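Asks: A single structure is presented below for examination.
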Amino acid sequence: MKTMIQDNRRKYFSLLVIAFCSLNSVYSQELPLDHPDKKKFTSTVVFQNGEEKMMNGYGEVSFGEEYFSRPLNERVERGFTYVVSSRGINYPEKSNEENAGVRFNLTFKDVILGNGTGFDDPTYGAQRRDALNAAFRYFSEIINNTGEADVQIDPSFFQNITMNSTPPLATSVAPSNASRGFNDCLAFRHLNTGTDPSSSLPDGILSFNFGNNINYNYNFAGAPTNSQYDFYTVAIHEIMHMLGFTSYCNADGSSQAANNVFTAFDEFLLNPSYNPLLVSSGSGSSMTVAVPQVSYLTSNDLWFDNLNGVSTPVYAPATFSASSLDHFDNLRSSDKFVMNYSLSKGEYYRYLHPDEANALVRLGYDINVSMATSVEDMPESNADARIYPNPATSGDGVKINLRGVNKPEILVVVYDMLGRVSYSKVVVSNGSGPLTAIDPHNNLAPGMYVVIGSSKDELFNQKLVIE
Ligand SMILES: [Zn+2]
């Protein structure tokens, strides 16, 4: 009898636990950051009848907006464009001053339309614009390139959280050319060179979900409560996608943009053996990108070939989703990334993780990593350099440890025994002593090599054997 009562108690207790968990999951809800229809938000630049247009993954074509034909000053005066630079918001036009950093020209469609919602909302519009401007300002401070980017903030959307649906918090588009191989996005090209790759089109497009039961914290100087989603964090995340932290890879390994067309980010994806996931061959219009083994895409074992020889876990869950491959994975790391695929209430980030700042360096940006991550430089240590594994087997990723070498840029050159250059690259040291991969694509044939690292003076000279 006693046992029966205990059993019943246990049963009630488990029911209570279940009830508590389901309530709890409603209130600490984790929402996906991005839209589930990835093809719709994939965009490439196409030319039709001599005109530049954007085409999404379904082949739907859109044009540049009329406002692009108006002078920037007029757009700023009319209040729908904000110029964001490290010097402030709407600071007078960037002068010829060097190292002024990058500039973002943000144009809010809600404000142009005067729709009274989203960023034009009479109550919340101003704080939403302020928080988004602040997130862009963070990037203007950490990106040392000197160009600019035209960012279009599309009309906001309004999807509520329900018992059965977890709507995305935002959408982000990073248009690129549709060339075969690995393409830099327009934002990168404009920010890097200062030359507008496409004057009638935006370099990036963002949109945000202000569904009225999504409670946001817009105060980027303070933390969200446990019932709030942090808007600044959502903004940082979507801006990262717009800067090129995005994959075009579909569930079947093909491109969702066009045949053989991938992103610069895709080039750095590594398979479970730490070899490139997407391998190109040929060049120009005959370039092809081989379809990877499809099981890799849901292996929970993909990586980003990051700076300093670090491999960062890439989101590749057992069921392929729109968020697969273009996020990092907090579940596979003891660290937390802004570029995780989802965000929970109360969770917030004010800086990028070093791996995220380094990923931008990988994509070609000139990033002030210590400022981006708010991490102090590590103390100096004795200069030494090591290559490992050494001897290495052909196909191993050979890494070079430059810890303690305190030079901003180190040229690493691998010579074969006939003195021919087999591999060379400039390694950017961020003061913390990098660990970097040499020969990331495993092209070194068996043999003996000499690796020389130099800055102004020769720093080291070491033999490497590939077996
Ligand atoms: Zn995302």
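Letters A, B, ... mark the chains of the structure tokens in the order given; residue numbers begin at 1 per chain; ligand numbers begin at 1, in order shown.
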Enumerate the residues of range 10-257 of chain A with a DSSP assignment of strand (DSSP E or B), computed from the backbone, and present them as a PyMOL selection string.
Replies: chain A and resi 30-32+43-48+51-56+61-62+81-85+88-89+103-108+143+148-153+157+170-173+176-177+181-183+185+204-209+216-217+229-230+249+255
Asks: Residues within 7 Å of ligand 1 (only C-alpha atoms and all ligand atoms), as a PyMOL selection string?
Replies: chain A and resi 33-34+237-238+241+323+326-327+339-341
Asks: For Arg189 in chain A, which of A:Ile466, A:Ala264, A:Met371, A:Cys249 is the closest residue, counting only C-alpha atoms?
Replies: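 Closest residue, counting only C-alpha atoms: A:Ala264.
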Asks: Among range 178-308 of chain A, which residues does DSSP mark as alpha helix (DSSP H) when it is run on the backbone? Keep the chain and numbering as in the structure and answer as a PyMOL selection string.
Replies: chain A and resi 186-193+231-242
Asks: Kindly give the distance, in Å, that separates CA of Lys336 in chain A and CA of Pro317 in chain A, rounded to a single decimal.
Replies: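 Those two atoms sit 17.1 Å apart.
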Asks: Identify, on the basis of only C-alpha atoms, every residue whose closest approach to Thr81 in chain A does not exceed 10 Å; exclude the query and any residue fewer than 6 positions from it along the same chain; express the result as a PyMOL selection string.
Replies: chain A and resi 67+72-75+90+104-109+111-112+150-153
Asks: So that I can see what lies close to range 295-308 of chain A, please list as a PyMOL selection string the residues with an atom at most 8 Å from it, counting only C-alpha atoms and leaving out residues fewer than 6 positions away in the same chain.
Replies: chain A and resi 251+253+268-272+274+314-320+324-325+355+358-359+361-362+434-437
Asks: Choose the residue, out of A:Met54, A:Leu343, A:Ala131, A:Val76, that has the smallest atom-to-atom separation from Ser200 in chain A; count only C-alpha atoms.
Replies: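 Ranking A:Met54, A:Leu343, A:Ala131, A:Val76 by distance to Ser200 in chain A, first place goes to A:Met54.
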Asks: What does the distance between CA of Ile452 in chain A and CA of Asn368 in chain A come to in Å, to one decimal place?
Replies: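 Computing the Euclidean distance for CA of Ile452 in chain A and CA of Asn368 in chain A yields 26.1 Å.
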Asks: Env of Asn390 in chain A: 12 Å cut, atoms = only C-alpha atoms, seq-sep filter 3 positions within chain, self excluded. Answer as number ranges by chain.
Replies: A: 386-387, 393-394, 396-400, 447-451, 462-467
Asks: Please, what distance in Å, to one decimal, runs between CA of Pro167 in chain A and CA of Ala149 in chain A?
Replies: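 Between these atoms lies a distance of 28.3 Å.
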Asks: Mind checking which residues fall within 8 Å of range 210-221 of chain A, counting only C-alpha atoms, ignoring those fewer than 4 positions away in the same chain, and posting them as a PyMOL selection string?
Replies: chain A and resi 118+127-128+131+134+156-161+169+225+227-232+350
Asks: Of the residues A:Pro36, A:Pro224, A:Gly181, A:Pro446, which is the one nearest to Phe265 in chain A, using only C-alpha atoms?
Replies: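 Result for the nearest residue to Phe265 in chain A: A:Gly181.
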Asks: Just checking: using only C-alpha atoms, which residue out of A:Gln256, A:Asn183, A:Gly222, A:Gly125 ends up closest to Ala322 in chain A?
Replies: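 Using only C-alpha atoms, the shortest distance to Ala322 in chain A belongs to A:Gln256.
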Asks: Using only C-alpha atoms, which residue out of A:Ser281, A:Gln29, A:Ser422, A:Thr44 lies closest to Tyr248 in chain A?
Replies: A:Thr44
